[in-house]
Structure formats: structure tokens, C-alpha cells
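Chemist: Here you go, query04.tsv (TSV, C-alpha atoms and all ligand atoms):
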chain	number	residue	atom	x	y	z
A	1	MET	CA	64.85	103.60	11.21
A	2	GLY	CA	64.04	100.21	12.73
A	3	SER	CA	61.28	99.58	15.25
A	4	SER	CA	62.03	98.86	18.90
A	5	TYR	CA	62.99	95.39	20.00
A	6	ASP	CA	62.92	94.00	23.52
A	7	VAL	CA	66.12	92.00	23.30
A	8	LEU	CA	69.20	91.99	21.06
A	9	PHE	CA	71.45	88.91	21.11
A	10	PHE	CA	74.99	89.28	19.76
A	11	SER	CA	77.02	86.34	18.40
A	12	ALA	CA	80.51	86.27	16.92
A	13	HIS	CA	79.73	83.04	15.03
A	14	PRO	CA	76.37	81.71	13.77
A	15	ASP	CA	75.85	79.22	16.65
A	16	ASP	CA	77.13	81.16	19.69
A	17	VAL	CA	73.76	82.11	21.15
A	18	GLU	CA	72.12	78.74	20.45
A	19	PHE	CA	74.98	76.71	21.93
A	20	GLY	CA	75.94	79.19	24.67
A	21	MET	CA	72.51	80.20	25.98
A	22	GLY	CA	69.97	78.33	23.83
A	23	GLY	CA	67.43	77.70	26.59
A	24	THR	CA	67.22	81.33	27.63
A	25	TYR	CA	67.19	82.35	23.96
A	26	LEU	CA	64.13	80.13	23.36
A	27	LYS	CA	62.34	81.41	26.45
A	28	ILE	CA	62.90	85.04	25.52
A	29	ALA	CA	62.31	84.84	21.77
A	30	ARG	CA	58.98	83.07	22.26
A	31	LYS	CA	57.67	85.81	24.49
A	32	TYR	CA	59.41	89.01	23.39
A	33	LYS	CA	60.47	90.77	20.21
A	34	ALA	CA	64.00	89.52	19.66
A	35	ILE	CA	66.79	90.00	17.13
A	36	HIS	CA	69.97	87.93	16.79
A	37	VAL	CA	72.86	89.92	15.29
A	38	ILE	CA	75.73	87.70	14.12
A	39	LEU	CA	79.06	89.30	13.26
A	40	THR	CA	80.64	86.62	11.03
A	41	ARG	CA	79.56	83.72	8.85
A	42	GLY	CA	81.85	81.30	10.68
A	43	GLU	CA	83.89	80.88	7.51
A	44	ALA	CA	87.08	79.88	9.36
A	45	GLY	CA	85.33	76.98	11.13
A	46	THR	CA	86.23	73.37	10.43
A	47	HIS	CA	82.72	72.35	9.40
A	48	GLY	CA	80.26	73.90	6.93
A	49	THR	CA	80.44	76.69	4.35
A	50	PRO	CA	79.50	80.35	4.96
A	51	GLU	CA	76.38	79.86	2.79
A	52	LYS	CA	75.25	76.83	4.78
A	53	ARG	CA	75.95	78.53	8.07
A	54	VAL	CA	73.90	81.60	7.15
A	55	LYS	CA	71.02	79.31	6.19
A	56	GLU	CA	71.31	77.33	9.43
A	57	ALA	CA	71.32	80.49	11.55
A	58	GLY	CA	68.18	81.64	9.72
A	59	GLU	CA	66.49	78.32	10.47
A	60	ALA	CA	67.48	78.54	14.13
A	61	GLY	CA	66.06	82.07	14.29
A	62	LYS	CA	62.80	80.86	12.80
A	63	TYR	CA	62.70	77.92	15.23
A	64	ALA	CA	63.16	80.24	18.22
A	65	GLY	CA	61.05	83.13	16.91
A	66	ALA	CA	63.82	85.72	16.54
A	67	GLY	CA	64.93	87.82	13.60
A	68	VAL	CA	68.49	87.28	12.33
A	69	GLU	CA	70.92	89.78	10.82
A	70	PHE	CA	74.52	89.21	9.73
A	71	LEU	CA	77.15	91.95	9.91
A	72	ASP	CA	80.22	91.88	7.67
A	73	PHE	CA	82.99	90.96	10.09
A	74	LYS	CA	85.58	88.33	9.18
A	75	ASP	CA	85.80	85.14	11.24
A	76	ASN	CA	88.90	85.07	13.52
A	77	HIS	CA	89.45	88.78	12.78
A	78	ILE	CA	87.06	90.53	15.19
A	79	GLU	CA	89.04	93.37	16.71
A	80	ASP	CA	88.21	95.48	19.71
A	81	ASN	CA	88.54	98.99	18.29
A	82	VAL	CA	86.49	102.17	18.03
A	83	GLU	CA	85.45	101.73	14.40
A	84	ASN	CA	84.07	98.25	15.07
A	85	ALA	CA	82.32	99.43	18.24
A	86	LYS	CA	80.59	102.08	16.12
A	87	LYS	CA	79.29	99.37	13.76
A	88	LEU	CA	77.77	97.54	16.74
A	89	ALA	CA	76.43	100.81	18.15
A	90	ALA	CA	74.63	101.35	14.83
A	91	ALA	CA	73.01	97.90	15.23
A	92	ILE	CA	71.94	98.81	18.78
A	93	ARG	CA	70.43	102.06	17.48
A	94	LYS	CA	68.67	100.21	14.68
A	95	TYR	CA	66.96	97.71	16.99
A	96	LYS	CA	66.72	99.85	20.18
A	97	PRO	CA	66.76	96.87	22.57
A	98	LYS	CA	65.85	97.14	26.25
A	99	ILE	CA	68.48	94.51	27.06
A	100	ILE	CA	71.47	93.00	25.24
A	101	PHE	CA	73.10	89.57	25.47
A	102	SER	CA	76.76	89.11	24.51
A	103	PRO	CA	79.60	86.65	25.07
A	104	TYR	CA	81.57	87.69	28.18
A	105	HIS	CA	84.38	90.18	27.65
A	106	SER	CA	87.03	88.53	29.83
A	107	ILE	CA	87.07	84.85	29.00
A	108	THR	CA	90.33	83.16	29.90
A	109	GLY	CA	90.95	79.54	29.06
A	110	SER	CA	92.97	77.14	27.03
A	111	HIS	CA	92.86	77.11	23.23
A	112	THR	CA	90.91	73.86	23.50
A	113	ASP	CA	88.10	75.57	25.41
A	114	GLY	CA	85.48	76.66	22.86
A	115	ILE	CA	84.24	79.65	24.84
A	116	SER	CA	87.66	81.35	24.97
A	117	HIS	CA	87.79	81.97	21.19
A	118	PRO	CA	89.38	85.44	20.73
A	119	ASP	CA	86.37	86.56	18.67
A	120	HIS	CA	84.07	85.96	21.68
A	121	VAL	CA	86.26	88.04	23.98
A	122	ALA	CA	86.62	90.84	21.42
A	123	LEU	CA	82.85	90.88	20.87
A	124	GLY	CA	82.19	91.21	24.61
A	125	ARG	CA	84.50	94.22	24.78
A	126	LEU	CA	82.99	95.75	21.65
A	127	VAL	CA	79.45	95.42	23.01
A	128	LEU	CA	80.45	97.15	26.23
A	129	LYS	CA	81.81	100.08	24.21
A	130	ALA	CA	78.99	100.04	21.67
A	131	ALA	CA	76.23	100.16	24.27
A	132	ARG	CA	77.82	103.35	25.59
A	133	PHE	CA	78.51	104.92	22.19
A	134	ALA	CA	74.89	104.28	21.11
A	135	LYS	CA	73.60	106.67	23.76
A	136	PHE	CA	75.65	109.73	22.72
A	137	LYS	CA	73.54	112.10	20.64
A	138	ASN	CA	76.50	113.58	18.79
A	139	ALA	CA	78.50	110.40	18.19
A	140	GLU	CA	79.18	109.80	14.50
A	141	ILE	CA	76.95	106.74	14.35
A	142	ASP	CA	73.94	106.00	12.13
A	143	GLY	CA	70.54	106.12	13.78
A	144	GLU	CA	68.86	107.82	16.67
A	145	HIS	CA	70.64	107.65	20.06
A	146	HIS	CA	69.52	104.84	22.33
A	147	LEU	CA	70.43	103.54	25.78
A	148	ALA	CA	69.93	99.82	26.49
A	149	GLN	CA	69.19	99.18	30.16
A	150	ARG	CA	71.45	96.22	30.75
A	151	ILE	CA	74.01	93.90	29.14
A	152	PHE	CA	73.86	90.25	30.18
A	153	TYR	CA	76.89	88.13	29.33
A	154	TYR	CA	76.73	84.46	28.40
A	155	MET	CA	79.74	82.09	28.03
A	156	VAL	CA	80.60	82.48	31.71
A	157	PRO	CA	84.16	81.28	32.43
A	158	ARG	CA	84.23	78.20	34.70
A	159	HIS	CA	86.25	79.92	37.43
A	160	VAL	CA	83.98	82.99	37.66
A	161	MET	CA	80.97	83.14	39.96
A	162	PRO	CA	77.86	83.78	37.81
A	163	SER	CA	75.52	86.69	38.59
A	164	LEU	CA	72.36	85.06	37.37
A	165	VAL	CA	70.98	81.58	36.83
A	166	VAL	CA	68.10	80.96	34.43
A	167	ASP	CA	66.02	77.81	34.84
A	168	VAL	CA	65.59	76.38	31.33
A	169	SER	CA	63.99	73.07	32.35
A	170	ASP	CA	60.67	74.17	30.83
A	171	VAL	CA	62.18	74.41	27.33
A	172	ALA	CA	64.54	71.41	27.64
A	173	GLU	CA	62.52	69.28	25.22
A	174	ASP	CA	62.94	71.89	22.48
A	175	LEU	CA	66.67	72.50	22.92
A	176	GLU	CA	67.92	69.69	20.70
A	177	GLY	CA	65.70	70.90	17.86
A	178	LEU	CA	67.31	74.33	18.15
A	179	TRP	CA	70.86	72.97	18.23
A	180	LYS	CA	70.22	70.64	15.30
A	181	CYS	CA	69.32	73.62	13.09
A	182	HIS	CA	73.11	74.01	12.93
A	183	LYS	CA	73.48	70.75	10.99
A	184	THR	CA	77.06	71.34	9.87
A	185	GLN	CA	78.18	71.84	13.48
A	186	MET	CA	76.91	68.49	14.73
A	187	ALA	CA	80.33	67.02	13.84
A	188	LEU	CA	82.03	69.25	16.43
A	189	ARG	CA	83.94	67.60	19.27
A	190	ASP	CA	84.02	64.29	17.36
A	191	GLY	CA	80.23	64.33	17.11
A	192	THR	CA	79.68	64.70	20.86
A	193	ILE	CA	78.66	68.37	20.80
A	194	ILE	CA	75.02	67.68	21.74
A	195	ASN	CA	76.15	65.66	24.79
A	196	MET	CA	78.46	68.48	25.83
A	197	LEU	CA	75.68	71.06	25.50
A	198	TRP	CA	73.40	68.91	27.66
A	199	GLU	CA	76.14	68.29	30.21
A	200	TYR	CA	76.71	72.01	30.72
A	201	ARG	CA	73.01	72.63	31.37
A	202	ARG	CA	72.52	69.59	33.60
A	203	ILE	CA	75.60	70.31	35.72
A	204	THR	CA	74.63	73.99	35.97
A	205	GLY	CA	71.10	72.94	36.94
A	206	LYS	CA	72.33	70.47	39.56
A	207	ILE	CA	74.28	73.23	41.34
A	208	HIS	CA	71.00	75.10	41.84
A	209	GLY	CA	68.65	72.17	42.39
A	210	LEU	CA	67.17	72.47	38.91
A	211	GLU	CA	66.90	70.04	36.01
A	212	CYS	CA	68.56	72.34	33.43
A	213	ALA	CA	69.98	75.84	33.79
A	214	GLU	CA	72.21	78.46	32.17
A	215	HIS	CA	74.56	80.97	33.79
A	216	PHE	CA	75.04	84.68	33.05
A	217	LEU	CA	77.18	87.56	34.26
A	218	VAL	CA	76.48	91.26	34.70
A	219	ASP	CA	78.99	94.06	35.36
A	220	SER	CA	77.03	95.85	38.08
A	221	PRO	CA	74.54	94.70	40.75
A	222	LEU	CA	71.04	93.73	39.69
A	223	LYS	CA	68.30	95.64	41.43
A	224	LEU	CA	66.13	93.19	43.34
A	225	ASP	CA	63.73	93.72	46.20
A	226	TYR	CA	63.95	91.33	49.16
A	227	GLU	CA	60.20	90.89	48.76
A	228	ASP	CA	60.88	89.08	45.49
A	229	PHE	CA	62.22	86.27	47.64
A	230	LEU	CA	59.50	86.43	50.27
A	231	ARG	CA	56.85	85.77	47.62
A	232	VAL	CA	58.35	82.34	46.77
A	301	ZN	ZN	81.79	81.17	18.53
Transcribe the structure of this file into C-alpha cells.
Ligand SMILES: [Zn+2]
Modeler:
Amino acid sequence: MGSSYDVLFFSAHPDDVEFGMGGTYLKIARKYKAIHVILTRGEAGTHGTPEKRVKEAGEAGKYAGAGVEFLDFKDNHIEDNVENAKKLAAAIRKYKPKIIFSPYHSITGSHTDGISHPDHVALGRLVLKAARFAKFKNAEIDGEHHLAQRIFYYMVPRHVMPSLVVDVSDVAEDLEGLWKCHKTQMALRDGTIINMLWEYRRITGKIHGLECAEHFLVDSPLKLDYEDFLRV
């Protein structure tokens, strides 16, 4: 039986969390007990071997301060079904997180848009099921039942209004170091991947009057007190 973690981050491929929400990942993993659960070794990707990608993900985890575990899913073959949701529910029970981060479950986009990879969408749907399955005492799932308080989704589609913006300006100087842990992926987008990752955070920041920011979605309203805003 594992000990309790504050936050569980799910990725379909070894770099999803770092590229999709790296600033927030750094902020959280430095302060809280965090685990990054990665479903595949990215073996279908154009760059790198599964062995190299596992090593790179481990280095990124170390850099951020999070544990890393790989599950045995096959790249490009993540399917949204009950059996797979039970595997993720077992991971949730093992780490007992208070909150979970996952790629969004309804990403629409062209095949040239990296975030709309079918594995990302399937993972989002699986996490939604798994978080529910994990709480049922009599479900046929390994581990003690557990209810995570909230799922936050990263990889927000461009046409969807985000629920939450996280200011990551304070960790901006450490972001490139995190991304560069994934050495084999630096050739992505004709070698412009780092520029693209910066662009997303700078444009997102600009919308909110911040230097660098990342967007997230939730499925139900966040509980906030109006006094939270009066204190600013
Ligand atoms: Zn991915």
C-alpha cells in the first residue's frame, strides 16, 4: 500500500506534463508530494527510443522533484474502456492524491495539432472514470478505496474558455531546464519546440497581464469566496 501523495499528474507520453503544464508542475512538485504517472513510453514517436524516453522522464521528475512511474500501455493504443480505467483507478488508490492533473477529455483539433493526439483524449476520459471507480469500496480494483477531491485538466483546446489560469512567471527561468530533460524531443517541430512552448506561455500570460501563464479546465465550478478577491 503506497503512502499518500498530494498531487498525481497523468501523462499519455513521457513529455505531456512537462510540455503541457511544465510551469505549474514545477511549482507544485517543489512544494508538495507529487507523482507523475506515464501510461506509455512514447515508442511510436518520431524521435528517441523507449529506453531513452524513460530515462529522460526520470531526469525530468528529478529536476522537478516528483516521483515517476510508467504503466504498460502501448503508444497510440490507449483506449477508453472499463478495464483500462480500472488500471488507472489502481494507480489513484496506490498514491491517494488530493488532486489529479490530466490531459483534457474533449480535445478537438486537426491532426497537426499536438494536443489533439487520440491518446490524450482517451486518457482524459479514462481519468474521469478512474477517479470515480477508485472511490467504490467493492469495485474489483487493487488497493484501498480513495476519493480525489478534484481533477484539473491541462492541454486546454484553443476554442474553449479556461477555468483557471496559473501564473508561472516565478519559475520561468527554470522551464527550459525542465523541457531540455527530454533531449530526444528537442527535434520536434523542426527544432522549434522550445519556441512554441514559450509562445504558448507568453501569449497565455499576456491575456491575463502576466509574464508567463498556463491554462486549465475543470468540469464543475471551483469553490471560491469573494473575500479571496477583496484581499488582493
Ligand atoms: Zn503526448
Chemist: Within 12 Å of ligand ZN 301 (chain A), which residues of chain A show up? Give each one with its shortest atom-to-atom distance in Å (one decimal) and the two atoms involved, counting all atoms listed in the file, rows by chain then rising residue number, as JSON lines.
Modeler:
{"residue": "A:Phe10", "atom": "CA", "partner": "A:ZN301", "partner_atom": "ZN", "distance": 10.7}
{"residue": "A:Ser11", "atom": "CA", "partner": "A:ZN301", "partner_atom": "ZN", "distance": 7.0}
{"residue": "A:Ala12", "atom": "CA", "partner": "A:ZN301", "partner_atom": "ZN", "distance": 5.5}
{"residue": "A:His13", "atom": "CA", "partner": "A:ZN301", "partner_atom": "ZN", "distance": 4.5}
{"residue": "A:Pro14", "atom": "CA", "partner": "A:ZN301", "partner_atom": "ZN", "distance": 7.2}
{"residue": "A:Asp15", "atom": "CA", "partner": "A:ZN301", "partner_atom": "ZN", "distance": 6.5}
{"residue": "A:Asp16", "atom": "CA", "partner": "A:ZN301", "partner_atom": "ZN", "distance": 4.8}
{"residue": "A:Val17", "atom": "CA", "partner": "A:ZN301", "partner_atom": "ZN", "distance": 8.5}
{"residue": "A:Glu18", "atom": "CA", "partner": "A:ZN301", "partner_atom": "ZN", "distance": 10.2}
{"residue": "A:Phe19", "atom": "CA", "partner": "A:ZN301", "partner_atom": "ZN", "distance": 8.8}
{"residue": "A:Gly20", "atom": "CA", "partner": "A:ZN301", "partner_atom": "ZN", "distance": 8.7}
{"residue": "A:Met21", "atom": "CA", "partner": "A:ZN301", "partner_atom": "ZN", "distance": 11.9}
{"residue": "A:Ile38", "atom": "CA", "partner": "A:ZN301", "partner_atom": "ZN", "distance": 9.9}
{"residue": "A:Leu39", "atom": "CA", "partner": "A:ZN301", "partner_atom": "ZN", "distance": 10.1}
{"residue": "A:Thr40", "atom": "CA", "partner": "A:ZN301", "partner_atom": "ZN", "distance": 9.3}
{"residue": "A:Arg41", "atom": "CA", "partner": "A:ZN301", "partner_atom": "ZN", "distance": 10.3}
{"residue": "A:Gly42", "atom": "CA", "partner": "A:ZN301", "partner_atom": "ZN", "distance": 7.9}
{"residue": "A:Glu43", "atom": "CA", "partner": "A:ZN301", "partner_atom": "ZN", "distance": 11.2}
{"residue": "A:Ala44", "atom": "CA", "partner": "A:ZN301", "partner_atom": "ZN", "distance": 10.7}
{"residue": "A:Gly45", "atom": "CA", "partner": "A:ZN301", "partner_atom": "ZN", "distance": 9.2}
{"residue": "A:Asp75", "atom": "CA", "partner": "A:ZN301", "partner_atom": "ZN", "distance": 9.2}
{"residue": "A:Asn76", "atom": "CA", "partner": "A:ZN301", "partner_atom": "ZN", "distance": 9.5}
{"residue": "A:Ile78", "atom": "CA", "partner": "A:ZN301", "partner_atom": "ZN", "distance": 11.2}
{"residue": "A:Ser102", "atom": "CA", "partner": "A:ZN301", "partner_atom": "ZN", "distance": 11.1}
{"residue": "A:Pro103", "atom": "CA", "partner": "A:ZN301", "partner_atom": "ZN", "distance": 8.8}
{"residue": "A:Tyr104", "atom": "CA", "partner": "A:ZN301", "partner_atom": "ZN", "distance": 11.6}
{"residue": "A:Asp113", "atom": "CA", "partner": "A:ZN301", "partner_atom": "ZN", "distance": 10.9}
{"residue": "A:Gly114", "atom": "CA", "partner": "A:ZN301", "partner_atom": "ZN", "distance": 7.3}
{"residue": "A:Ile115", "atom": "CA", "partner": "A:ZN301", "partner_atom": "ZN", "distance": 6.9}
{"residue": "A:Ser116", "atom": "CA", "partner": "A:ZN301", "partner_atom": "ZN", "distance": 8.7}
{"residue": "A:His117", "atom": "CA", "partner": "A:ZN301", "partner_atom": "ZN", "distance": 6.6}
{"residue": "A:Pro118", "atom": "CA", "partner": "A:ZN301", "partner_atom": "ZN", "distance": 9.0}
{"residue": "A:Asp119", "atom": "CA", "partner": "A:ZN301", "partner_atom": "ZN", "distance": 7.1}
{"residue": "A:His120", "atom": "CA", "partner": "A:ZN301", "partner_atom": "ZN", "distance": 6.2}
{"residue": "A:Val121", "atom": "CA", "partner": "A:ZN301", "partner_atom": "ZN", "distance": 9.8}
{"residue": "A:Ala122", "atom": "CA", "partner": "A:ZN301", "partner_atom": "ZN", "distance": 11.2}
{"residue": "A:Leu123", "atom": "CA", "partner": "A:ZN301", "partner_atom": "ZN", "distance": 10.0}
{"residue": "A:Gly124", "atom": "CA", "partner": "A:ZN301", "partner_atom": "ZN", "distance": 11.7}
{"residue": "A:Tyr154", "atom": "CA", "partner": "A:ZN301", "partner_atom": "ZN", "distance": 11.6}
{"residue": "A:Met155", "atom": "CA", "partner": "A:ZN301", "partner_atom": "ZN", "distance": 9.8}
{"residue": "A:Gln185", "atom": "CA", "partner": "A:ZN301", "partner_atom": "ZN", "distance": 11.2}
Chemist: Using C-alpha atoms, can you write the selected residues to a file as a CSV table (one decimal), keeping the file's coordinate frame?
Modeler:
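Result file is again-v4.csv:
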chain,number,residue,atom,x,y,z
A,10,PHE,CA,75.0,89.3,19.8
A,11,SER,CA,77.0,86.3,18.4
A,12,ALA,CA,80.5,86.3,16.9
A,13,HIS,CA,79.7,83.0,15.0
A,14,PRO,CA,76.4,81.7,13.8
A,15,ASP,CA,75.8,79.2,16.6
A,16,ASP,CA,77.1,81.2,19.7
A,17,VAL,CA,73.8,82.1,21.2
A,18,GLU,CA,72.1,78.7,20.4
A,19,PHE,CA,75.0,76.7,21.9
A,20,GLY,CA,75.9,79.2,24.7
A,21,MET,CA,72.5,80.2,26.0
A,38,ILE,CA,75.7,87.7,14.1
A,39,LEU,CA,79.1,89.3,13.3
A,40,THR,CA,80.6,86.6,11.0
A,41,ARG,CA,79.6,83.7,8.8
A,42,GLY,CA,81.8,81.3,10.7
A,43,GLU,CA,83.9,80.9,7.5
A,44,ALA,CA,87.1,79.9,9.4
A,45,GLY,CA,85.3,77.0,11.1
A,75,ASP,CA,85.8,85.1,11.2
A,76,ASN,CA,88.9,85.1,13.5
A,78,ILE,CA,87.1,90.5,15.2
A,102,SER,CA,76.8,89.1,24.5
A,103,PRO,CA,79.6,86.6,25.1
A,104,TYR,CA,81.6,87.7,28.2
A,113,ASP,CA,88.1,75.6,25.4
A,114,GLY,CA,85.5,76.7,22.9
A,115,ILE,CA,84.2,79.6,24.8
A,116,SER,CA,87.7,81.4,25.0
A,117,HIS,CA,87.8,82.0,21.2
A,118,PRO,CA,89.4,85.4,20.7
A,119,ASP,CA,86.4,86.6,18.7
A,120,HIS,CA,84.1,86.0,21.7
A,121,VAL,CA,86.3,88.0,24.0
A,122,ALA,CA,86.6,90.8,21.4
A,123,LEU,CA,82.8,90.9,20.9
A,124,GLY,CA,82.2,91.2,24.6
A,154,TYR,CA,76.7,84.5,28.4
A,155,MET,CA,79.7,82.1,28.0
A,185,GLN,CA,78.2,71.8,13.5
Chemist: Point out the residue among A:Leu222, A:Ala85, A:Val165, A:Leu126 with the least atom-to-atom distance to Ile141 in chain A, counting all atoms listed in the file.
Modeler: A:Ala85
Chemist: Using all atoms listed in the file, which of the listed residues (A:Lys94, A:Arg189, A:Arg150, A:Arg202) sits closest to Val127 in chain A?
Modeler: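 Between A:Lys94, A:Arg189, A:Arg150, A:Arg202, the residue approaching Val127 in chain A most closely is A:Arg150.
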Chemist: Within 7 Å of Glu59 in chain A, counting only C-alpha atoms, which residues qualify if same-chain residues fewer than 4 places away don't, as a list of chain:residue names?
Modeler: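 With the cut-off at 7 Å, the set is A:Lys55, A:Tyr63, A:Cys181.
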Chemist: Using all atoms listed in the file for the distances, tell me which of A:Thr184, A:Asn138, A:Thr204, A:Asn84 is nearest to Val168 in chain A.
Modeler: A:Thr204
